[in-house]
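Visitor: Before anything else, here's the structure in question.
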Protein chains: 2
Amino acid sequence: MHLTLKQLRIFEAVAEHRNYTQAAKSLFLTQPAVSMQIRQLEEEAGMALFERSGKEVRLTDAGLELLHHARLIHQQLEEAQQAMAEMRGLKRGRLRLTMASTANYFAPRLLAGFCRRHPGVRISLDVANRDGLIQALENNTSDIVIMGKPPERLPVRAEIFLDNPLVVIAPPGHPLAGRRRIPLSELARHPFIVRERGSGTRAAVERFLARHDVERPTGMEMNSSEAIKQAVQAGLGLGVVSLHTLEMELALQRLVVLDVEDFPIMRHWRMVYRRDKRFSAVAQAFHDFVRDEAGALLSRAADDAPAPPSPPAAPAG
Amino acid sequence: MHLTLKQLRIFEAVAEHRNYTQAAKSLFLTQPAVSMQIRQLEEEAGMALFERSGKEVRLTDAGLELLHHARLIHQQLEEAQQAMAEMRGLKRGRLRLTMASTANYFAPRLLAGFCRRHPGVRISLDVANRDGLIQALENNTSDIVIMGKPPERLPVRAEIFLDNPLVVIAPPGHPLAGRRRIPLSELARHPFIVRERGSGTRAAVERFLARHDVERPTGMEMNSSEAIKQAVQAGLGLGVVSLHTLEMELALQRLVVLDVEDFPIMRHWRMVYRRDKRFSAVAQAFHDFVRDEAGALLSRAADDAPAPPSPPAAPAG
DNA sequence: GCCTTCCATAAGCATTATTGATGGTTGCAA
DNA sequence: TTGCAACCATCAATAATGCTTATGGAAGGC
């Protein structure tokens with residue numbers, strides 16, 4: 001069976017004009033082109049679709065039936081094109097993201113900004129530890145992964161979009177608080193709270209200390225930045241966390257940043273994705289959004305967004 | 001926009017196989033052909049539909065969306081082809097017939113025979129006088145017209161499918177009953193009941209008498225064969241009707257056929273249709289059915305059909 | 001009867017699709 | 001690593017299709 005859309009389109013035009021020549025004009029074709037396409041269509045249908053007499057062109061019963069179907073097909077086709085156009089125009093689509101758990105502190109503002117610009121885009125967000133991030137890349141279950149240090153084994157691309165300075169924190173009354181240019185060696189004398197094994201932050205800290213020939217101070221392990229901050233506030237020791245997570249604690253003077261030599265450890269947030277990835281329109285848009293505007297968006301104070309105490313949000317779809 | 005069904009079909013195949021080469025095989029194409037069609041489709045969609053990596057071919061979000069639409073379109077298409085096939089196969093369709101009122105006596109058997117063979121075909125039957133028949137041809141409101149003498153002014157085709165002998169009838173006790181080879185001139189002495197002006201039968205009788213130089217006997221006018229038969233039975237005069245309408249009256253000896261010289265007037269039943277007519281499948285089937293089987297069907301006694309008193313019919317769809 | 005309108009047909013041309021050959025990439029196994 | 005196999009992209013040549021111009025025939029209007 002060798003039906004073509006062209007045939008159906010021409011057929012519809014003829015059915016509507018009841019005149020080959022007019023139909024041809026309306027399609028910017030010549031009349032013979034119409035004649036031939038109709039003839040082919042009739043051959044495929046196996047019967048006449050029009051009755052031609054000198055006077056007029058009329059649909060046969062079969063033609064009437066086919067016209068009905070042709071219109072339905074036409075309609076379906078337009079819906080398909082509409083859907084494509086909408087996805088191109090980012091009115092719709094799905095975005096699969098995976099983020100390091102430590103990205104928590106800026107992720108909401110990032111996503112909110114993107115969603116505000118593209119309502120209708122559904123985002124599914126996974127928060128995972130480093131293993132989870134790597135799996136997401138391996139299994140292609142995520143369009144973009146937000147993480148720190150990209151995995152070296154996988155064929156991925158990584159783009160820095162935000163600094164992530166790690167600083168040493170202490171409770172306000174700590175002996176080192178207020179001291180300037182604290183040498184690294186000093187740190188080793190104090191108990192130290194670190195992230196669990198496998199954490200990117202911990203690995204970064206250990207690499208950093210090793211590079212500077214400093215033994216890691218003894219201390220507890222905690223499995224989140226929040227827990228570390230709480231522990232430090234409670235006086236259990238020093239800690240290393242991302243500066244950006246300290247906004248409120250610093251403002252309320254619950255914690256202080258120590259001025260340690262060679263700190264902050266400058267790490268970066270990256271968008272990481274498979275080298276063979278072909279971005280969907282939505283993914284591309286998110287990528288560009290983050291690349292171009294993450295810095296500005298995230299450096300603005302958090303009070304910028306929820307400042308007017310209006311109702312929390314529009315109902316989500 | 002330049003979508004083609006070919007593109008959609010190939011797209012579906014690739015989506016299902018997740019492999020260009022396999023998809024190509026399943027469509028009896030080569031792999032490059034598939035590559036190119038998909039590329040075109042992607043250009044028209046304005047975005048990637050597949051993610052290709054060395055390992056596998058995966059649908060993008062847009063691809064998934066398009067696949068959905070492609071399947072709907074495909075489905076519509078198959079319904080259209082199904083409809084065409086059914087009309088070709090005469091499972092469905094409409095047949096518009098117009099018949100001379102005097103065809104009443106055989107029409108039911110004819111239609112019943114056709115309907116039994118093609119259930120699902122709807123027949124709309126108009127019974128009209130000669131003027132009505134001609135109008136039906138002029139306005140193309142009928143596929144086929146069953147009539148006697150075809151109109152000469154219209155560009156029509158006419159095909160004889162049945163004899164229609166007109167005979168002179170009388171009540172059994174009539175003085176002419178039983179006489180052999182009654183000369184035409186004898187008829188003129190008896191009152192004569194004829195069809196109304198405009199009737200084909202009357203015209204035929206008048207042409208016949210004129211050709212034989214016989215003046216038409218005086219008498220009444222009646223507007224149907226049935227009325228004439230009744231009047232003749234009542235002794236109001238002689239009449240001329242189609243032999244085929246007399247089956248029961250002859251069997252019951254309510255009427256007799258006179259053996260008049262040069263009678264019967266041999267007329268014919270014809271299928272008449274516009275010369276430019278392009279038959280629908282149903283119309284063609286009816287035409288062939290009548291041409292090939294009307295004789296056999298109508299010469300069989302009427303008791304042939306309803307003879308076995310079995311359940312009427314299978315439930316219609 | 002002539003002229004116009006309209007569809008069918010045919011030959012030539014332009015466009016498009018398909019093929020076969022080839023190259024690059026990836027994954028797998030020796 | 002190297003070699004191999006599977007797979008998709010690309011290219012040039014060819015096959016197929018569709019379109020156009022030119023022309024013919026039929027029907028209707030004047």
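Within each chain, counting starts at residue 1; across the structure tokens, chains are named A, B, ... in the order shown, with ligands numbered 1 upward in that order.
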Would you kindly return, as number ranges by chain, each protein, DNA or RNA residue with an atom no farther than 9 Å from any atom of DT10 in chain D, considering only C-alpha atoms (C1' of nucleotides) and excluding same-chain residues fewer than 5 positions away?
Guide: B: 32; C: 22-23
Visitor: Identify, on the basis of only C-alpha atoms (C1' of nucleotides), every residue whose closest approach to range 183-197 of chain A does not exceed 7 Å; exclude the query and any residue fewer than 3 positions from it along the same chain; express the result as a list in words.
Guide: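 Surrounding residues, per the criterion: Thr201, Arg202, Val214, Glu215, Arg216, Pro217, Thr218, Gly219, Met220, Glu221, Met222, Asn223, Ser224, Ile228, Gly237, Leu238, Gly239, Val260 and Glu261 of chain A.
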Visitor: Take the selection from the previous step and output its residues with C-alpha atoms, as a compact mmCIF listing (two decimals), in the first residue's frame.
Guide:
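Saved as selection-v2.txt:
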```txt
# COMPACT_ATOMS: atom_id res chain seq x y z
CA THR A 201 33.67 17.10 49.76
CA ARG A 202 35.67 14.77 51.98
CA VAL A 214 49.21 17.95 56.50
CA GLU A 215 47.82 14.99 58.31
CA ARG A 216 44.10 15.04 58.65
CA PRO A 217 43.05 15.97 62.15
CA THR A 218 41.11 13.29 63.97
CA GLY A 219 37.39 13.66 64.31
CA MET A 220 33.89 12.50 63.68
CA GLU A 221 32.18 11.68 60.39
CA MET A 222 28.85 13.10 59.44
CA ASN A 223 26.84 12.47 56.33
CA SER A 224 25.66 15.93 55.44
CA ILE A 228 28.44 19.14 60.24
CA GLY A 237 35.09 20.55 66.45
CA LEU A 238 36.01 22.35 63.24
CA GLY A 239 34.50 21.56 59.90
CA VAL A 260 43.15 29.54 57.25
CA GLU A 261 46.18 29.67 54.96
```
Visitor: Fit chain B to chain A, all Cα atoms paired in order, least squares. Then write it as a CSV table (one decimal) with C-alpha atoms, in the first residue's frame.
Guide:
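Done, and the output landed in part-v5.csv:
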```csv
chain,number,residue,atom,x,y,z
B,1,MET,CA,-0.1,-0.1,-0.8
B,2,HIS,CA,1.5,3.2,-1.4
B,3,LEU,CA,-0.7,5.9,0.0
B,4,THR,CA,1.0,9.3,0.6
B,5,LEU,CA,0.1,12.3,2.6
B,6,LYS,CA,0.5,14.4,-0.5
B,7,GLN,CA,-2.2,12.4,-2.2
B,8,LEU,CA,-4.6,12.8,0.7
B,9,ARG,CA,-3.9,16.5,1.0
B,10,ILE,CA,-4.6,17.0,-2.7
B,11,PHE,CA,-7.6,14.8,-2.5
B,12,GLU,CA,-9.0,16.9,0.3
B,13,ALA,CA,-8.4,20.1,-1.7
B,14,VAL,CA,-10.2,18.7,-4.7
B,15,ALA,CA,-13.1,17.5,-2.6
B,16,GLU,CA,-13.5,20.9,-1.1
B,17,HIS,CA,-13.2,22.9,-4.2
B,18,ARG,CA,-14.9,20.4,-6.4
B,19,ASN,CA,-12.6,21.6,-9.1
B,20,TYR,CA,-9.2,20.4,-10.0
B,21,THR,CA,-7.9,23.7,-11.2
B,22,GLN,CA,-8.9,25.6,-8.1
B,23,ALA,CA,-7.5,22.9,-5.9
B,24,ALA,CA,-4.2,23.0,-7.8
B,25,LYS,CA,-4.0,26.8,-7.3
B,26,SER,CA,-4.8,26.5,-3.6
B,27,LEU,CA,-1.8,24.1,-3.3
B,28,PHE,CA,0.4,26.1,-5.5
B,29,LEU,CA,0.5,23.4,-8.0
B,30,THR,CA,-0.5,23.0,-11.6
B,31,GLN,CA,-3.6,21.2,-12.6
B,32,PRO,CA,-1.9,18.2,-14.2
B,33,ALA,CA,-0.1,17.5,-10.9
B,34,VAL,CA,-3.5,17.3,-9.2
B,35,SER,CA,-4.9,15.1,-11.9
B,36,MET,CA,-2.1,12.6,-11.6
B,37,GLN,CA,-2.1,12.4,-7.8
B,38,ILE,CA,-5.9,11.9,-7.8
B,39,ARG,CA,-5.5,9.2,-10.5
B,40,GLN,CA,-2.9,7.4,-8.4
B,41,LEU,CA,-5.1,7.6,-5.3
B,42,GLU,CA,-8.0,6.2,-7.3
B,43,GLU,CA,-5.8,3.4,-8.5
B,44,GLU,CA,-4.8,2.6,-4.9
B,45,ALA,CA,-8.3,2.8,-3.7
B,46,GLY,CA,-9.3,0.5,-6.5
B,47,MET,CA,-12.3,2.7,-7.5
B,48,ALA,CA,-13.3,6.1,-8.6
B,49,LEU,CA,-13.3,8.8,-5.9
B,50,PHE,CA,-14.7,11.5,-8.1
B,51,GLU,CA,-17.3,11.6,-10.9
B,52,ARG,CA,-16.1,14.1,-13.5
B,53,SER,CA,-18.5,15.4,-16.0
B,54,GLY,CA,-18.0,18.5,-18.0
B,55,LYS,CA,-20.1,20.4,-15.6
B,56,GLU,CA,-18.7,19.5,-12.2
B,57,VAL,CA,-16.6,17.3,-10.1
B,58,ARG,CA,-18.4,15.2,-7.5
B,59,LEU,CA,-17.4,12.8,-4.8
B,60,THR,CA,-18.4,9.3,-5.2
B,61,ASP,CA,-19.6,7.3,-2.2
B,62,ALA,CA,-16.1,5.9,-1.9
B,63,GLY,CA,-14.7,9.4,-2.2
B,64,LEU,CA,-16.9,10.6,0.6
B,65,GLU,CA,-15.8,7.8,2.8
B,66,LEU,CA,-12.2,8.4,2.1
B,67,LEU,CA,-12.6,12.2,2.7
B,68,HIS,CA,-13.8,11.4,6.2
B,69,HIS,CA,-10.7,9.3,6.8
B,70,ALA,CA,-8.4,11.8,5.2
B,71,ARG,CA,-9.7,14.5,7.5
B,72,LEU,CA,-9.1,12.3,10.5
B,73,ILE,CA,-5.6,11.6,9.4
B,74,HIS,CA,-4.9,15.2,8.7
B,75,GLN,CA,-6.1,16.0,12.1
B,76,GLN,CA,-3.8,13.4,13.7
B,77,LEU,CA,-1.0,14.8,11.7
B,78,GLU,CA,-1.6,18.3,13.0
B,79,GLU,CA,-1.7,17.1,16.5
B,80,ALA,CA,1.6,15.5,16.0
B,81,GLN,CA,3.1,18.7,14.6
B,82,GLN,CA,1.5,20.6,17.4
B,83,ALA,CA,3.2,18.3,19.9
B,84,MET,CA,6.5,18.7,18.2
B,85,ALA,CA,6.1,22.5,18.2
B,86,GLU,CA,5.2,22.5,21.8
B,87,MET,CA,8.3,20.5,22.7
B,88,ARG,CA,10.4,22.7,20.6
B,89,GLY,CA,8.8,25.7,22.2
B,90,LEU,CA,9.4,24.1,25.6
B,91,LYS,CA,5.7,24.2,26.5
B,92,ARG,CA,6.1,20.6,27.5
B,93,GLY,CA,8.7,18.0,28.1
B,94,ARG,CA,10.5,16.2,30.9
B,95,LEU,CA,13.8,16.9,32.4
B,96,ARG,CA,15.7,14.4,34.4
B,97,LEU,CA,18.2,15.8,36.7
B,98,THR,CA,20.5,14.2,39.3
B,99,MET,CA,22.3,16.3,41.9
B,100,ALA,CA,24.9,15.9,44.5
B,101,SER,CA,23.3,16.1,47.9
B,102,THR,CA,25.4,19.1,48.7
B,103,ALA,CA,23.8,21.0,45.8
B,104,ASN,CA,20.8,21.2,48.0
B,105,TYR,CA,21.4,24.7,49.1
B,106,PHE,CA,21.1,26.2,45.6
B,107,ALA,CA,19.1,23.6,43.7
B,108,PRO,CA,15.7,24.8,44.8
B,109,ARG,CA,16.4,28.3,43.6
B,110,LEU,CA,17.8,27.0,40.3
B,111,LEU,CA,14.8,24.8,39.6
B,112,ALA,CA,12.3,27.4,40.7
B,113,GLY,CA,13.8,29.9,38.3
B,114,PHE,CA,13.7,27.4,35.4
B,115,CYS,CA,10.2,26.3,36.2
B,116,ARG,CA,8.9,29.8,36.3
B,117,ARG,CA,10.2,30.3,32.9
B,118,HIS,CA,8.9,27.1,31.5
B,119,PRO,CA,5.8,26.0,33.1
B,120,GLY,CA,4.6,22.7,31.8
B,121,VAL,CA,8.0,21.2,32.0
B,122,ARG,CA,8.1,18.3,34.4
B,123,ILE,CA,11.3,17.9,36.3
B,124,SER,CA,12.3,14.7,38.0
B,125,LEU,CA,15.1,15.3,40.4
B,126,ASP,CA,17.2,12.7,42.0
B,127,VAL,CA,19.5,13.6,44.9
B,128,ALA,CA,22.4,11.1,45.2
B,129,ASN,CA,25.8,10.7,46.5
B,130,ARG,CA,28.8,10.5,44.2
B,131,ASP,CA,28.3,6.8,43.4
B,132,GLY,CA,24.7,7.6,42.5
B,133,LEU,CA,25.7,10.4,40.3
B,134,ILE,CA,28.1,8.2,38.4
B,135,GLN,CA,25.5,5.6,38.0
B,136,ALA,CA,23.1,8.1,36.6
B,137,LEU,CA,25.7,9.0,34.0
B,138,GLU,CA,26.5,5.4,33.2
B,139,ASN,CA,22.9,4.3,32.8
B,140,ASN,CA,21.8,7.4,31.1
B,141,THR,CA,19.0,7.9,33.5
B,142,SER,CA,19.6,11.6,33.8
B,143,ASP,CA,19.9,14.3,31.2
B,144,ILE,CA,22.2,16.4,33.3
B,145,VAL,CA,24.0,15.7,36.5
B,146,ILE,CA,25.0,18.5,38.8
B,147,MET,CA,28.1,17.6,40.7
B,148,GLY,CA,31.5,18.8,41.7
B,149,LYS,CA,34.4,16.8,40.2
B,150,PRO,CA,33.4,14.9,37.1
B,151,PRO,CA,34.2,11.2,36.9
B,152,GLU,CA,37.3,10.6,34.9
B,153,ARG,CA,36.5,7.1,33.7
B,154,LEU,CA,33.4,8.1,31.8
B,155,PRO,CA,33.1,9.8,28.4
B,156,VAL,CA,31.4,12.9,29.7
B,157,ARG,CA,31.4,16.6,29.2
B,158,ALA,CA,31.6,18.9,32.3
B,159,GLU,CA,30.9,22.6,32.4
B,160,ILE,CA,31.6,24.8,35.4
B,161,PHE,CA,28.7,27.1,36.2
B,162,LEU,CA,29.3,28.1,39.8
B,163,ASP,CA,32.2,28.4,42.3
B,164,ASN,CA,32.1,26.3,45.4
B,165,PRO,CA,34.6,27.6,47.9
B,166,LEU,CA,35.2,25.3,50.8
B,167,VAL,CA,36.0,27.0,54.0
B,168,VAL,CA,36.9,26.0,57.6
B,169,ILE,CA,34.3,26.7,60.1
B,170,ALA,CA,34.4,27.0,63.8
B,171,PRO,CA,32.0,28.1,66.6
B,172,PRO,CA,32.3,31.8,67.4
B,173,GLY,CA,34.2,31.3,70.6
B,174,HIS,CA,36.8,29.1,69.2
B,175,PRO,CA,40.5,30.0,69.9
B,176,LEU,CA,41.3,30.3,66.2
B,177,ALA,CA,38.3,32.5,65.5
B,178,GLY,CA,39.5,36.0,64.6
B,179,ARG,CA,43.0,35.0,64.0
B,180,ARG,CA,44.4,35.9,60.6
B,181,ARG,CA,46.2,33.7,58.1
B,182,ILE,CA,46.2,30.7,60.3
B,183,PRO,CA,48.8,28.2,58.9
B,184,LEU,CA,47.5,24.9,57.8
B,185,SER,CA,49.7,23.1,60.3
B,186,GLU,CA,47.6,24.8,63.1
B,187,LEU,CA,44.6,22.9,61.9
B,188,ALA,CA,46.1,19.6,62.6
B,189,ARG,CA,46.1,20.3,66.3
B,190,HIS,CA,42.3,20.6,66.5
B,191,PRO,CA,39.7,17.9,66.2
B,192,PHE,CA,38.2,17.9,62.8
B,193,ILE,CA,34.8,16.7,61.6
B,194,VAL,CA,34.7,15.4,58.1
B,195,ARG,CA,32.2,13.9,55.6
B,196,GLU,CA,32.0,10.2,55.3
B,197,ARG,CA,34.3,8.2,53.0
B,198,GLY,CA,33.1,8.4,49.4
B,199,SER,CA,32.0,12.0,49.8
B,200,GLY,CA,33.3,14.4,47.2
B,201,THR,CA,33.9,17.1,49.7
B,202,ARG,CA,35.9,14.8,51.9
B,203,ALA,CA,38.0,13.6,48.9
B,204,ALA,CA,38.6,17.2,48.0
B,205,VAL,CA,39.7,18.1,51.5
B,206,GLU,CA,42.0,15.1,51.7
B,207,ARG,CA,43.6,15.8,48.3
B,208,PHE,CA,44.1,19.4,49.4
B,209,LEU,CA,45.8,18.5,52.7
B,210,ALA,CA,47.9,15.9,51.1
B,211,ARG,CA,49.1,18.4,48.5
B,212,HIS,CA,50.2,20.6,51.3
B,213,ASP,CA,51.8,17.8,53.3
B,214,VAL,CA,49.5,18.2,56.2
B,215,GLU,CA,48.2,15.2,58.0
B,216,ARG,CA,44.5,15.1,58.4
B,217,PRO,CA,43.5,16.0,61.9
B,218,THR,CA,41.6,13.3,63.8
B,219,GLY,CA,37.9,13.6,64.2
B,220,MET,CA,34.5,12.4,63.6
B,221,GLU,CA,32.7,11.5,60.4
B,222,MET,CA,29.3,12.9,59.5
B,223,ASN,CA,27.3,12.3,56.4
B,224,SER,CA,26.0,15.7,55.5
B,225,SER,CA,27.0,19.3,55.6
B,226,GLU,CA,24.1,20.1,57.9
B,227,ALA,CA,25.3,17.5,60.4
B,228,ILE,CA,28.8,18.9,60.3
B,229,LYS,CA,27.5,22.5,60.9
B,230,GLN,CA,25.5,21.3,63.8
B,231,ALA,CA,28.5,19.4,65.3
B,232,VAL,CA,30.8,22.4,64.8
B,233,GLN,CA,28.2,24.7,66.5
B,234,ALA,CA,28.1,22.2,69.4
B,235,GLY,CA,31.8,22.6,69.8
B,236,LEU,CA,32.8,19.1,68.7
B,237,GLY,CA,35.5,20.4,66.4
B,238,LEU,CA,36.3,22.3,63.2
B,239,GLY,CA,34.8,21.5,59.9
B,240,VAL,CA,35.1,22.2,56.2
B,241,VAL,CA,31.9,23.0,54.2
B,242,SER,CA,30.9,25.0,51.3
B,243,LEU,CA,30.8,28.7,52.0
B,244,HIS,CA,27.5,29.0,50.3
B,245,THR,CA,25.8,26.8,52.8
B,246,LEU,CA,26.6,29.2,55.6
B,247,GLU,CA,24.5,32.2,54.8
B,248,MET,CA,22.2,31.9,57.7
B,249,GLU,CA,24.7,30.7,60.3
B,250,LEU,CA,27.0,33.5,59.5
B,251,ALA,CA,24.2,36.1,59.6
B,252,LEU,CA,23.2,34.8,63.0
B,253,GLN,CA,26.8,34.4,64.1
B,254,ARG,CA,26.3,30.8,65.0
B,255,LEU,CA,29.5,30.0,63.1
B,256,VAL,CA,32.6,31.8,61.9
B,257,VAL,CA,34.8,31.2,58.9
B,258,LEU,CA,38.5,30.8,59.9
B,259,ASP,CA,41.1,32.7,57.8
B,260,VAL,CA,43.2,29.7,57.1
B,261,GLU,CA,46.2,29.9,54.8
B,262,ASP,CA,45.5,28.6,51.3
B,263,PHE,CA,41.8,28.5,52.0
B,264,PRO,CA,39.2,28.5,50.6
B,265,ILE,CA,39.7,25.4,48.6
B,266,MET,CA,38.1,26.5,45.4
B,267,ARG,CA,36.0,23.8,43.9
B,268,HIS,CA,33.3,24.2,41.3
B,269,TRP,CA,29.8,23.1,40.5
B,270,ARG,CA,29.5,21.5,37.1
B,271,MET,CA,26.9,20.3,34.8
B,272,VAL,CA,28.0,16.9,33.7
B,273,TYR,CA,26.5,14.9,30.9
B,274,ARG,CA,27.4,12.0,28.5
B,275,ARG,CA,29.5,13.0,25.7
B,276,ASP,CA,27.1,11.3,23.3
B,277,LYS,CA,24.1,13.0,24.8
B,278,ARG,CA,21.7,14.7,22.5
B,279,PHE,CA,19.9,17.2,24.5
B,280,SER,CA,16.1,17.4,24.3
B,281,ALA,CA,14.8,20.9,23.9
B,282,VAL,CA,14.1,21.0,27.6
B,283,ALA,CA,17.5,19.7,28.5
B,284,GLN,CA,19.2,22.2,26.2
B,285,ALA,CA,17.1,25.0,27.7
B,286,PHE,CA,18.0,24.0,31.2
B,287,HIS,CA,21.7,23.7,30.2
B,288,ASP,CA,21.6,27.2,28.7
B,289,PHE,CA,19.6,28.6,31.6
B,290,VAL,CA,22.1,27.3,34.2
B,291,ARG,CA,25.1,28.3,32.2
B,292,ASP,CA,23.9,31.8,31.6
B,293,GLU,CA,22.0,32.7,34.7
B,294,ALA,CA,22.9,30.5,37.6
B,295,GLY,CA,25.5,32.9,38.8
B,296,ALA,CA,23.2,35.9,38.9
B,297,LEU,CA,20.3,33.9,40.2
B,298,LEU,CA,22.2,32.3,43.1
B,299,SER,CA,24.2,35.3,44.2
B,300,ARG,CA,20.9,37.2,44.7
B,301,ALA,CA,19.7,36.8,48.2
B,302,ALA,CA,17.1,34.2,48.7
B,303,ASP,CA,14.7,36.9,49.9
B,304,ASP,CA,14.7,38.2,46.4
B,305,ALA,CA,12.3,35.7,45.0
B,306,PRO,CA,9.5,35.4,47.6
B,307,ALA,CA,9.8,39.1,48.6
B,308,PRO,CA,6.6,40.6,47.3
B,309,PRO,CA,4.0,38.7,49.3
B,310,SER,CA,1.7,38.5,46.3
B,311,PRO,CA,-0.6,35.5,45.4
B,312,PRO,CA,1.7,32.5,44.8
B,313,ALA,CA,1.3,31.9,41.1
B,314,ALA,CA,-1.1,31.7,38.2
B,315,PRO,CA,-3.0,28.4,38.1
B,316,ALA,CA,-0.9,25.8,36.2
B,317,GLY,CA,-2.3,24.1,33.1
```
Visitor: Please determine the contact residues of chain D with respect to chain A at a cut-off of 7 Å, counting only C-alpha atoms (C1' of nucleotides), and supply them as a list in words.
Guide: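 The complete set of qualifying residues is DC19, DA26 and DA27 of chain D.
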Visitor: Could you please determine the separation between C1' of DT18 in chain C and C1' of DA5 in chain D in Å, to one decimal place?
Guide: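 Interatomic distance, C1' of DT18 in chain C to C1' of DA5 in chain D: 25.4 Å.
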Visitor: For chain C, list the residues within 12 Å of chain A, counting only C-alpha atoms (C1' of nucleotides), and write the list as a ChimeraX atom specification.
Guide: /C:5-10,25-26
Visitor: Okay, now the selection with C-alpha atoms (C1' of nucleotides), as a PDB file, in the first residue's frame?
Guide:
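Output contents, as saved in out_35.pdb:
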```
ATOM      1  C1'  DT C   5     -13.963  25.619 -19.615  1.00  0.00           C
ATOM      2  C1'  DC C   6     -12.324  21.600 -17.813  1.00  0.00           C
ATOM      3  C1'  DC C   7     -10.068  17.125 -17.363  1.00  0.00           C
ATOM      4  C1'  DA C   8      -6.898  13.490 -19.527  1.00  0.00           C
ATOM      5  C1'  DT C   9      -2.662  12.319 -21.546  1.00  0.00           C
ATOM      6  C1'  DA C  10       2.185  12.418 -23.026  1.00  0.00           C
ATOM      7  C1'  DT C  25      33.122   5.043  16.364  1.00  0.00           C
ATOM      8  C1'  DT C  26      32.210   1.842  19.824  1.00  0.00           C
TER       9       DT C  26
END
```
Visitor: Could you work out how far C1' of DC2 in chain C lies from C1' of DG25 in chain D, giving the answer in Å with one decimal?
Guide: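 These two atoms are separated by 15.6 Å.
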Visitor: DSSP on the backbone, helix (DSSP H, G or I) only: what residues of range 74-263 of chain B does that give? Format it as a VMD selection string.
Guide: chain B and resid 74 to 88 101 to 105 107 to 117 130 to 138 184 to 187 200 to 211 225 to 233 243 to 251
Visitor: DSSP on the backbone: what in range 47-211 of chain A comes out strand (DSSP E or B), as a ChimeraX atom specification?
Guide: /A:50-52,57-59,93-100,121-128,144-147,156-170,182,192-195
Visitor: Rounded to one decimal place, report the C1' of DT19 in chain C-C1' of DC11 in chain D distance in Å.
Guide: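 C1' of DT19 in chain C sits 11.5 Å away from C1' of DC11 in chain D.
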